[in-house]
$ cat start-v6.cif   # mmCIF, C-alpha atoms and all ligand atoms
data_protein
loop_
_atom_site.label_atom_id
_atom_site.label_comp_id
_atom_site.auth_asym_id
_atom_site.auth_seq_id
_atom_site.Cartn_x
_atom_site.Cartn_y
_atom_site.Cartn_z
CA MET A 1 9.07 64.99 14.72
CA LYS A 2 6.62 64.70 11.86
CA ARG A 3 5.51 61.19 11.01
CA ASN A 4 7.13 61.22 7.57
CA THR A 5 10.48 62.36 8.89
CA LYS A 6 10.41 59.73 11.57
CA LEU A 7 9.40 57.01 9.10
CA LEU A 8 12.28 58.01 6.84
CA ALA A 9 14.70 57.83 9.76
CA VAL A 10 13.41 54.38 10.75
CA LEU A 11 13.76 53.11 7.18
CA GLY A 12 17.29 54.50 6.97
CA VAL A 13 18.37 52.80 10.17
CA SER A 14 16.63 49.60 9.05
CA THR A 15 18.49 49.63 5.74
CA ALA A 16 21.79 50.05 7.57
CA ALA A 17 20.90 47.20 9.94
CA ALA A 18 19.91 44.98 7.00
CA MET A 19 23.22 45.71 5.27
CA ILE A 20 25.17 44.78 8.40
CA LEU A 21 23.21 41.54 8.73
CA SER A 22 23.83 40.73 5.04
CA TYR A 23 27.52 41.32 5.58
CA LEU A 24 27.61 39.19 8.74
CA GLU A 25 25.91 36.43 6.79
CA THR A 26 28.74 36.41 4.23
CA LEU A 27 31.18 35.82 7.10
CA ILE A 28 29.39 32.70 8.33
CA PRO A 29 30.63 29.67 6.42
CA MET A 30 27.72 27.42 5.52
CA ASN A 31 29.21 24.05 4.79
CA PHE A 32 26.32 22.57 2.90
CA ALA A 33 26.72 20.96 -0.47
CA VAL A 34 23.54 22.56 -1.72
CA PRO A 35 23.95 26.15 -2.88
CA GLY A 36 21.48 28.63 -1.49
CA VAL A 37 21.41 27.40 2.09
CA LYS A 38 21.44 30.62 4.05
CA ILE A 39 20.27 31.79 7.44
CA GLY A 40 18.58 34.83 5.93
CA LEU A 41 19.62 37.12 8.78
CA ALA A 42 18.62 40.23 6.85
CA ASN A 43 15.08 38.91 6.57
CA LEU A 44 14.81 39.86 10.23
CA VAL A 45 14.57 43.50 9.15
CA THR A 46 12.05 42.76 6.40
CA LEU A 47 9.88 40.80 8.82
CA PHE A 48 10.05 43.53 11.45
CA LEU A 49 9.07 46.31 9.04
CA LEU A 50 6.30 44.23 7.52
CA ILE A 51 4.67 43.62 10.88
CA LYS A 52 5.48 46.95 12.50
CA ILE A 53 4.90 49.38 9.62
CA ASP A 54 3.66 48.08 6.28
CA TRP A 55 4.46 46.04 3.21
CA LYS A 56 5.73 49.03 1.23
CA SER A 57 8.38 49.91 3.81
CA ALA A 58 9.50 46.27 4.02
CA ALA A 59 9.70 46.03 0.22
CA ALA A 60 11.62 49.31 -0.15
CA VAL A 61 14.26 48.44 2.45
CA THR A 62 14.59 44.90 1.08
CA ALA A 63 15.06 46.19 -2.49
CA VAL A 64 17.81 48.60 -1.44
CA ARG A 65 19.50 45.92 0.68
CA VAL A 66 19.46 43.32 -2.12
CA LEU A 67 20.83 45.76 -4.70
CA LEU A 68 23.53 47.19 -2.44
CA SER A 69 24.73 43.91 -0.97
CA SER A 70 24.93 42.26 -4.41
CA LEU A 71 26.96 45.25 -5.55
CA LEU A 72 29.24 45.18 -2.51
CA PHE A 73 29.60 41.50 -1.62
CA GLY A 74 28.27 39.69 -4.69
CA SER A 75 28.01 39.61 -8.45
CA PHE A 76 25.37 39.99 -11.14
CA THR A 77 24.50 36.31 -10.80
CA SER A 78 24.08 36.60 -7.06
CA LEU A 79 21.83 39.61 -7.67
CA ALA A 80 19.53 37.50 -9.86
CA TYR A 81 19.29 34.79 -7.18
CA SER A 82 18.78 37.27 -4.34
CA LEU A 83 16.10 39.16 -6.26
CA ALA A 84 14.17 36.01 -7.11
CA GLY A 85 14.26 34.95 -3.46
CA ALA A 86 13.37 38.40 -2.14
CA VAL A 87 10.45 39.01 -4.51
CA LEU A 88 8.82 35.65 -3.83
CA SER A 89 9.30 35.81 -0.07
CA LEU A 90 8.04 39.43 0.12
CA ALA A 91 4.92 38.44 -1.81
CA VAL A 92 4.22 35.41 0.38
CA MET A 93 4.94 37.19 3.67
CA GLY A 94 2.81 40.15 2.60
CA LEU A 95 -0.11 37.88 1.80
CA LEU A 96 0.14 35.96 5.07
CA LYS A 97 0.40 39.20 7.02
CA LYS A 98 -2.72 40.48 5.28
CA THR A 99 -4.80 37.52 6.44
CA GLU A 100 -3.91 38.41 10.06
CA ARG A 101 -4.12 34.70 10.80
CA PHE A 102 -0.46 33.94 11.45
CA THR A 103 2.13 35.09 13.98
CA ALA A 104 5.58 36.42 13.11
CA LEU A 105 6.83 32.82 13.31
CA GLY A 106 4.48 31.50 10.65
CA ILE A 107 5.13 34.48 8.39
CA SER A 108 8.88 34.10 8.80
CA ILE A 109 8.89 30.37 8.04
CA ALA A 110 6.79 30.83 4.92
CA GLY A 111 9.06 33.70 3.91
CA ALA A 112 12.26 31.67 4.29
CA VAL A 113 10.85 28.68 2.42
CA SER A 114 9.56 30.80 -0.46
CA HIS A 115 12.89 32.65 -0.55
CA ASN A 116 14.64 29.33 -1.15
CA ALA A 117 12.00 28.25 -3.67
CA GLY A 118 12.54 31.53 -5.56
CA GLN A 119 16.26 30.83 -5.74
CA VAL A 120 15.70 27.30 -7.05
CA ILE A 121 13.31 28.64 -9.70
CA MET A 122 15.93 31.21 -10.74
CA ALA A 123 18.60 28.47 -10.92
CA VAL A 124 16.31 26.37 -13.13
CA ILE A 125 15.86 29.38 -15.43
CA LEU A 126 19.51 30.50 -15.49
CA LEU A 127 20.99 27.03 -15.95
CA SER A 128 17.99 25.69 -17.91
CA THR A 129 18.27 22.47 -15.93
CA LYS A 130 15.14 21.27 -14.26
CA GLU A 131 17.09 18.67 -12.26
CA ILE A 132 17.94 21.47 -9.85
CA ALA A 133 14.45 20.85 -8.45
CA TYR A 134 16.09 17.94 -6.61
CA TRP A 135 17.42 20.52 -4.16
CA LEU A 136 13.95 21.73 -3.34
CA PRO A 137 13.11 19.29 -0.52
CA VAL A 138 16.40 20.05 1.25
CA LEU A 139 15.96 23.78 0.82
CA ILE A 140 12.36 23.65 2.07
CA VAL A 141 13.48 21.91 5.25
CA THR A 142 16.43 24.24 5.87
CA GLY A 143 14.06 27.15 5.16
CA THR A 144 11.70 26.08 7.93
CA VAL A 145 14.59 25.85 10.39
CA THR A 146 16.14 29.22 9.52
CA GLY A 147 12.69 30.81 9.21
CA LEU A 148 11.81 29.60 12.69
CA ALA A 149 15.01 31.05 14.19
CA VAL A 150 14.67 34.40 12.41
CA GLY A 151 10.95 34.51 13.23
CA ALA A 152 11.58 33.93 16.93
CA VAL A 153 14.01 36.84 17.11
CA GLY A 154 11.69 38.93 14.93
CA ALA A 155 8.71 38.31 17.22
CA LEU A 156 10.82 39.43 20.17
CA LEU A 157 11.89 42.63 18.40
CA VAL A 158 8.31 43.41 17.40
CA LYS A 159 7.28 43.06 21.03
CA LYS A 160 10.18 45.03 22.56
CA ILE A 161 10.65 47.90 20.12
CA ASP A 162 8.03 50.65 20.17
CA LEU A 163 8.29 52.85 17.10
CA LYS A 164 5.55 55.35 18.09
CA LEU A 165 5.05 56.32 14.46
CA MET B 1 -7.07 34.98 19.10
CA ASP B 2 -3.34 34.46 19.54
CA LYS B 3 -3.82 30.76 20.33
CA LYS B 4 -5.67 30.45 17.07
CA ARG B 5 -2.85 32.13 15.17
CA ILE B 6 -0.23 29.87 16.75
CA ARG B 7 -2.36 26.89 15.73
CA ASN B 8 -2.43 28.28 12.19
CA ASP B 9 1.37 28.61 12.31
CA LEU B 10 1.67 24.95 13.24
CA ILE B 11 -0.69 23.89 10.45
CA LEU B 12 1.36 25.96 8.01
CA LEU B 13 4.62 24.40 9.25
CA ALA B 14 3.20 20.88 8.99
CA SER B 15 1.92 21.48 5.44
CA ILE B 16 5.29 22.85 4.34
CA LEU B 17 7.14 19.82 5.74
CA LEU B 18 4.60 17.45 4.20
CA ALA B 19 5.10 19.16 0.85
CA ALA B 20 8.87 18.71 1.17
CA LEU B 21 8.42 15.04 2.02
CA ALA B 22 6.04 14.51 -0.91
CA ALA B 23 8.43 16.27 -3.31
CA TRP B 24 11.31 14.16 -2.04
CA GLY B 25 9.28 10.94 -2.44
CA VAL B 26 8.20 11.76 -5.98
CA LEU B 27 11.75 12.66 -7.00
CA LYS B 28 13.19 9.47 -5.46
CA LEU B 29 10.59 7.24 -7.11
CA ALA B 30 11.37 8.75 -10.51
CA GLN B 31 15.05 7.84 -10.26
CA ARG B 32 16.61 5.02 -12.29
CA PRO B 33 20.17 3.70 -12.47
CA GLY B 34 22.15 5.97 -14.78
CA LYS B 35 23.96 5.22 -18.05
CA TYR B 36 25.61 8.47 -19.06
CA VAL B 37 27.28 11.48 -17.51
CA VAL B 38 26.15 14.66 -19.26
CA VAL B 39 28.21 17.82 -18.95
CA GLU B 40 26.35 21.09 -19.56
CA ILE B 41 27.95 24.51 -19.60
CA ASP B 42 25.68 27.55 -19.55
CA GLY B 43 22.66 25.41 -20.42
CA LYS B 44 24.27 23.70 -23.43
CA THR B 45 25.40 20.08 -23.53
CA SER B 46 29.16 20.11 -24.06
CA ALA B 47 30.05 16.45 -23.58
CA VAL B 48 28.62 13.03 -22.74
CA TYR B 49 30.57 10.18 -21.13
CA PRO B 50 29.54 6.61 -20.30
CA LEU B 51 29.08 6.13 -16.57
CA ASP B 52 30.73 2.68 -16.62
CA THR B 53 34.13 3.87 -17.89
CA ASP B 54 36.53 5.36 -15.36
CA LEU B 55 37.79 8.79 -16.26
CA ARG B 56 39.42 11.92 -14.90
CA LEU B 57 39.40 15.14 -16.90
CA ASP B 58 39.44 18.90 -16.60
CA ILE B 59 36.30 20.63 -17.77
CA LYS B 60 37.08 24.10 -19.07
CA THR B 61 34.34 26.56 -18.23
CA GLU B 62 33.80 30.29 -18.75
CA GLY B 63 36.83 32.52 -18.38
CA GLY B 64 39.38 29.69 -18.37
CA HIS B 65 38.07 28.17 -15.15
CA VAL B 66 38.42 24.48 -14.46
CA ASN B 67 36.38 21.78 -12.72
CA THR B 68 37.97 18.35 -12.55
CA LEU B 69 35.41 15.63 -13.23
CA VAL B 70 36.04 12.08 -12.07
CA ILE B 71 34.04 9.04 -13.09
CA SER B 72 34.93 6.03 -10.99
CA GLU B 73 33.12 2.79 -10.14
CA GLY B 74 29.93 3.98 -11.77
CA ARG B 75 29.77 7.27 -9.93
CA ALA B 76 30.64 10.79 -11.03
CA TYR B 77 31.85 13.71 -8.94
CA VAL B 78 33.87 16.90 -9.10
CA GLU B 79 37.25 16.24 -7.52
CA SER B 80 38.50 19.80 -7.49
CA ALA B 81 37.59 23.22 -8.89
CA ASP B 82 38.79 26.80 -8.89
CA CYS B 83 35.36 28.30 -8.14
CA PRO B 84 35.07 30.52 -5.06
CA ASP B 85 32.49 28.48 -3.12
CA LYS B 86 33.72 24.91 -3.85
CA LEU B 87 30.17 23.68 -3.40
CA CYS B 88 30.48 21.47 -6.48
CA VAL B 89 33.35 19.58 -4.79
CA LYS B 90 31.26 19.06 -1.66
CA GLN B 91 28.26 17.64 -3.50
CA ARG B 92 27.78 13.89 -3.34
CA ALA B 93 28.93 11.55 -6.11
CA ILE B 94 26.05 10.87 -8.50
CA SER B 95 24.94 7.66 -10.20
CA ARG B 96 21.15 7.76 -10.67
CA THR B 97 19.05 9.63 -13.23
CA GLY B 98 18.15 13.16 -12.28
CA GLU B 99 21.04 13.53 -9.85
CA THR B 100 23.32 16.48 -10.46
CA VAL B 101 26.55 18.09 -9.43
CA ILE B 102 26.25 21.80 -10.02
CA CYS B 103 28.76 24.62 -9.96
CA LEU B 104 26.76 27.84 -10.00
CA PRO B 105 29.74 30.21 -10.38
CA HIS B 106 30.92 28.36 -13.49
CA LYS B 107 27.38 27.73 -14.82
CA LEU B 108 28.30 24.06 -14.97
CA VAL B 109 25.81 21.23 -14.57
CA ILE B 110 26.89 17.59 -14.49
CA ARG B 111 23.93 15.26 -14.59
CA ILE B 112 23.15 11.59 -15.03
CA ALA B 113 21.06 10.41 -17.95
CA GLY B 114 19.47 6.99 -18.20
CA GLU B 115 18.90 4.19 -20.68
CA GLY B 116 16.74 6.25 -23.04
CA GLY B 117 19.80 8.21 -24.02
CA VAL B 118 20.65 11.81 -23.50
CA ASP B 119 18.03 13.72 -25.40
CA THR B 120 15.05 12.59 -23.37
CA VAL B 121 15.91 15.02 -20.59
CA SER B 122 16.36 18.54 -21.84
ZN ZN C 201 32.11 24.98 -8.07
#
$ encode --input "start-v6.cif" --output "structure tokens"
Amino acid sequence: MKRNTKLLAVLGVSTAAAMILSYLETLIPMNFAVPGVKIGLANLVTLFLLIKIDWKSAAAVTAVRVLLSSLLFGSFTSLAYSLAGAVLSLAVMGLLKKTERFTALGISIAGAVSHNAGQVIMAVILLSTKEIAYWLPVLIVTGTVTGLAVGAVGALLVKKIDLKL
Amino acid sequence: MDKKRIRNDLILLASILLAALAAWGVLKLAQRPGKYVVVEIDGKTSAVYPLDTDLRLDIKTEGGHVNTLVISEGRAYVESADCPDKLCVKQRAISRTGETVICLPHKLVIRIAGEGGVDTVS
């Protein structure tokens, strides 16, 4: 197969996988008082593509996933929160990847934390209430935990799956 | 090379956690005992109640939705709500400045204001 065709196929499968993970995430009840505490399962796909292929592929699949899953399982408001989180975490993960100084774990943790920070920033804007910043410490800590878990699985996938692009 | 990158990961993790701790400390230090309960819907203040007077009332939000606010023994909380996630009901009762109970689906923010009155915090 030509490289482009194969890349397209990989991105298609990745988008499908990301959608499934997003859906699974909606099934897991997160009984935290603070909104925005999520595992970020779908970030697994973003992380994988970022490390395995490039930033553009990761960004494209993430954009499609965020739009589609907000349409299917969310609302306009949830789209705004997801987008804010996705944009910030993509930017941070892309930058860290570029330095080549961090492993998948470090990139994933920074991604999860900045995802949560993006959501808090969006909440401050949408509700024009800066007190929401009080959630930030909690969301930073939960972000490191979920980022670590997702990063560990991501590192394993990066090692085991050979794309041969 | 990989050892170095793992070390960098750890430094990154430590800095993130330190930042969280610092943010938490700063926010805690800035808190004062509250005086008023401020109800904001969609970014606009809709009502203010004294924190020292017990009260139970239904706050009507967008689209005829309801969050039941309770003020009791100097603390405010949402007792029940018809929002899908019920996160506002799970949030802790609030009594100090800067603390909030927030219902994202209803764009409702309940926050505590201090001595200086209500307008000092926008
Ligand atoms: Zn609610």
$ interface_residues --input "start-v6.cif" --of "chain A" --to "chain B" --cutoff "9 Å" --atoms "only C-alpha atoms" --output "mmCIF file with C-alpha atoms, keeping the file's coordinate frame"
data_model
loop_
_atom_site.group_PDB
_atom_site.id
_atom_site.type_symbol
_atom_site.label_atom_id
_atom_site.label_comp_id
_atom_site.auth_asym_id
_atom_site.auth_seq_id
_atom_site.Cartn_x
_atom_site.Cartn_y
_atom_site.Cartn_z
ATOM 1 C CA ASN A 31 29.210 24.050 4.790
ATOM 2 C CA PHE A 32 26.320 22.570 2.900
ATOM 3 C CA ALA A 33 26.720 20.960 -0.470
ATOM 4 C CA VAL A 34 23.540 22.560 -1.720
ATOM 5 C CA PRO A 35 23.950 26.150 -2.880
ATOM 6 C CA THR A 77 24.500 36.310 -10.800
ATOM 7 C CA GLU A 100 -3.910 38.410 10.060
ATOM 8 C CA ARG A 101 -4.120 34.700 10.800
ATOM 9 C CA PHE A 102 -0.460 33.940 11.450
ATOM 10 C CA THR A 103 2.130 35.090 13.980
ATOM 11 C CA ALA A 104 5.580 36.420 13.110
ATOM 12 C CA LEU A 105 6.830 32.820 13.310
ATOM 13 C CA GLY A 106 4.480 31.500 10.650
ATOM 14 C CA ILE A 107 5.130 34.480 8.390
ATOM 15 C CA ILE A 109 8.890 30.370 8.040
ATOM 16 C CA ALA A 110 6.790 30.830 4.920
ATOM 17 C CA VAL A 113 10.850 28.680 2.420
ATOM 18 C CA ALA A 123 18.600 28.470 -10.920
ATOM 19 C CA LEU A 126 19.510 30.500 -15.490
ATOM 20 C CA LEU A 127 20.990 27.030 -15.950
ATOM 21 C CA SER A 128 17.990 25.690 -17.910
ATOM 22 C CA THR A 129 18.270 22.470 -15.930
ATOM 23 C CA LYS A 130 15.140 21.270 -14.260
ATOM 24 C CA GLU A 131 17.090 18.670 -12.260
ATOM 25 C CA ILE A 132 17.940 21.470 -9.850
ATOM 26 C CA ALA A 133 14.450 20.850 -8.450
ATOM 27 C CA TYR A 134 16.090 17.940 -6.610
ATOM 28 C CA LEU A 136 13.950 21.730 -3.340
ATOM 29 C CA PRO A 137 13.110 19.290 -0.520
ATOM 30 C CA VAL A 138 16.400 20.050 1.250
ATOM 31 C CA LEU A 139 15.960 23.780 0.820
ATOM 32 C CA ILE A 140 12.360 23.650 2.070
ATOM 33 C CA VAL A 141 13.480 21.910 5.250
ATOM 34 C CA THR A 144 11.700 26.080 7.930
#
$ residues_around --input "start-v6.cif" --residues "A:Ala58" --least-positions-apart "2" --cutoff "10 Å" --atoms "only C-alpha atoms" --output "PDB file with C-alpha atoms, in the coordinates of the input"
ATOM      1  CA  LEU A  11      13.760  53.110   7.180  1.00  0.00           C
ATOM      2  CA  SER A  14      16.630  49.600   9.050  1.00  0.00           C
ATOM      3  CA  THR A  15      18.490  49.630   5.740  1.00  0.00           C
ATOM      4  CA  ASN A  43      15.080  38.910   6.570  1.00  0.00           C
ATOM      5  CA  VAL A  45      14.570  43.500   9.150  1.00  0.00           C
ATOM      6  CA  THR A  46      12.050  42.760   6.400  1.00  0.00           C
ATOM      7  CA  LEU A  47       9.880  40.800   8.820  1.00  0.00           C
ATOM      8  CA  PHE A  48      10.050  43.530  11.450  1.00  0.00           C
ATOM      9  CA  LEU A  49       9.070  46.310   9.040  1.00  0.00           C
ATOM     10  CA  LEU A  50       6.300  44.230   7.520  1.00  0.00           C
ATOM     11  CA  ILE A  51       4.670  43.620  10.880  1.00  0.00           C
ATOM     12  CA  LYS A  52       5.480  46.950  12.500  1.00  0.00           C
ATOM     13  CA  ILE A  53       4.900  49.380   9.620  1.00  0.00           C
ATOM     14  CA  ASP A  54       3.660  48.080   6.280  1.00  0.00           C
ATOM     15  CA  TRP A  55       4.460  46.040   3.210  1.00  0.00           C
ATOM     16  CA  LYS A  56       5.730  49.030   1.230  1.00  0.00           C
ATOM     17  CA  ALA A  60      11.620  49.310  -0.150  1.00  0.00           C
ATOM     18  CA  VAL A  61      14.260  48.440   2.450  1.00  0.00           C
ATOM     19  CA  THR A  62      14.590  44.900   1.080  1.00  0.00           C
ATOM     20  CA  ALA A  63      15.060  46.190  -2.490  1.00  0.00           C
ATOM     21  CA  LEU A  90       8.040  39.430   0.120  1.00  0.00           C
ATOM     22  CA  GLY A  94       2.810  40.150   2.600  1.00  0.00           C
TER      23      GLY A  94
END
$ closest_residue --input "start-v6.cif" --among "B:Glu62, B:Glu79, B:Asp54, B:Glu115" --to "B:Lys35" --atoms "all atoms listed in the file"
B:Glu115
$ residues_around --input "start-v6.cif" --residues "B:Tyr36" --least-positions-apart "5" --cutoff "6 Å" --atoms "only C-alpha atoms" --output "ChimeraX atom specification"
/B:49-51,112-113
$ atom_distance --input "start-v6.cif" --atom1 "atom CA of A:Ala117" --atom2 "atom CA of B:Thr45"
25.3 Å
$ atom_distance --input "start-v6.cif" --atom1 "atom CA of A:Ser108" --atom2 "atom CA of A:Ser57"
16.6 Å
$ closest_residue --input "start-v6.cif" --among "B:Val66, B:Val37, B:Ala30, B:Ala14" --to "B:Ser80" --atoms "all atoms listed in the file"
B:Val66
$ residues_around --input "start-v6.cif" --residues "A:Ala149" --least-positions-apart "2" --cutoff "10 Å" --atoms "all atoms listed in the file" --output "MDAnalysis selection string"
chainID A and resid 39:41 44 105 108:109 143:147 151:154
$ atom_distance --input "start-v6.cif" --atom1 "atom CA of A:Ser22" --atom2 "atom CA of A:Ala42"
5.5 Å
$ closest_residue --input "start-v6.cif" --among "B:Ala93, B:Thr61, B:Gly114, B:Ile71" --to "ligand ZN 201 (chain C)" --atoms "all atoms listed in the file"
B:Thr61
$ closest_residue --input "start-v6.cif" --among "B:Ser72, B:Ser15, B:Ser95, B:Asn67" --to "ligand ZN 201 (chain C)" --atoms "only C-alpha atoms and all ligand atoms"
B:Asn67
$ decode --input "start-v6.cif" --residues "stretch 29-74 of chain A" --atoms "C-alpha atoms" --output "short mmCIF file (atom, residue, chain, number, x, y, z; two decimals), in the first residue's frame"
data_model
loop_
_atom_site.label_atom_id
_atom_site.label_comp_id
_atom_site.auth_asym_id
_atom_site.auth_seq_id
_atom_site.Cartn_x
_atom_site.Cartn_y
_atom_site.Cartn_z
CA PRO A 29 -19.61 7.06 36.70
CA MET A 30 -17.11 9.45 38.23
CA ASN A 31 -18.44 10.29 41.65
CA PHE A 32 -16.43 13.40 42.27
CA ALA A 33 -18.01 16.64 43.36
CA VAL A 34 -15.77 18.61 41.05
CA PRO A 35 -16.96 18.71 37.44
CA GLY A 36 -14.38 17.85 34.83
CA VAL A 37 -12.76 14.92 36.60
CA LYS A 38 -12.29 12.44 33.80
CA ILE A 39 -9.97 9.58 33.01
CA GLY A 40 -9.33 10.91 29.52
CA LEU A 41 -9.35 7.45 27.94
CA ALA A 42 -9.51 8.89 24.43
CA ASN A 43 -6.28 10.76 25.05
CA LEU A 44 -4.64 7.37 24.67
CA VAL A 45 -5.21 7.63 20.92
CA THR A 46 -3.96 11.22 20.75
CA LEU A 47 -0.82 10.29 22.67
CA PHE A 48 -0.17 7.26 20.48
CA LEU A 49 -0.52 9.19 17.22
CA LEU A 50 1.58 12.07 18.50
CA ILE A 51 4.48 9.79 19.37
CA LYS A 52 4.09 7.30 16.54
CA ILE A 53 3.21 9.57 13.60
CA ASP A 54 3.11 13.33 14.10
CA TRP A 55 1.34 16.24 15.73
CA LYS A 56 -0.90 16.89 12.73
CA SER A 57 -2.34 13.37 12.75
CA ALA A 58 -2.94 13.56 16.51
CA ALA A 59 -4.63 16.96 16.16
CA ALA A 60 -6.84 15.85 13.25
CA VAL A 61 -8.11 12.70 14.98
CA THR A 62 -8.63 14.58 18.25
CA ALA A 63 -10.62 17.34 16.50
CA VAL A 64 -12.93 14.83 14.81
CA ARG A 65 -13.35 12.87 18.05
CA VAL A 66 -14.20 15.97 20.11
CA LEU A 67 -16.72 17.24 17.56
CA LEU A 68 -18.40 13.88 17.01
CA SER A 69 -18.58 12.82 20.65
CA SER A 70 -20.00 16.20 21.72
CA LEU A 71 -22.59 15.81 18.98
CA LEU A 72 -23.43 12.23 19.95
CA PHE A 73 -23.05 12.09 23.73
CA GLY A 74 -22.91 15.75 24.75
#
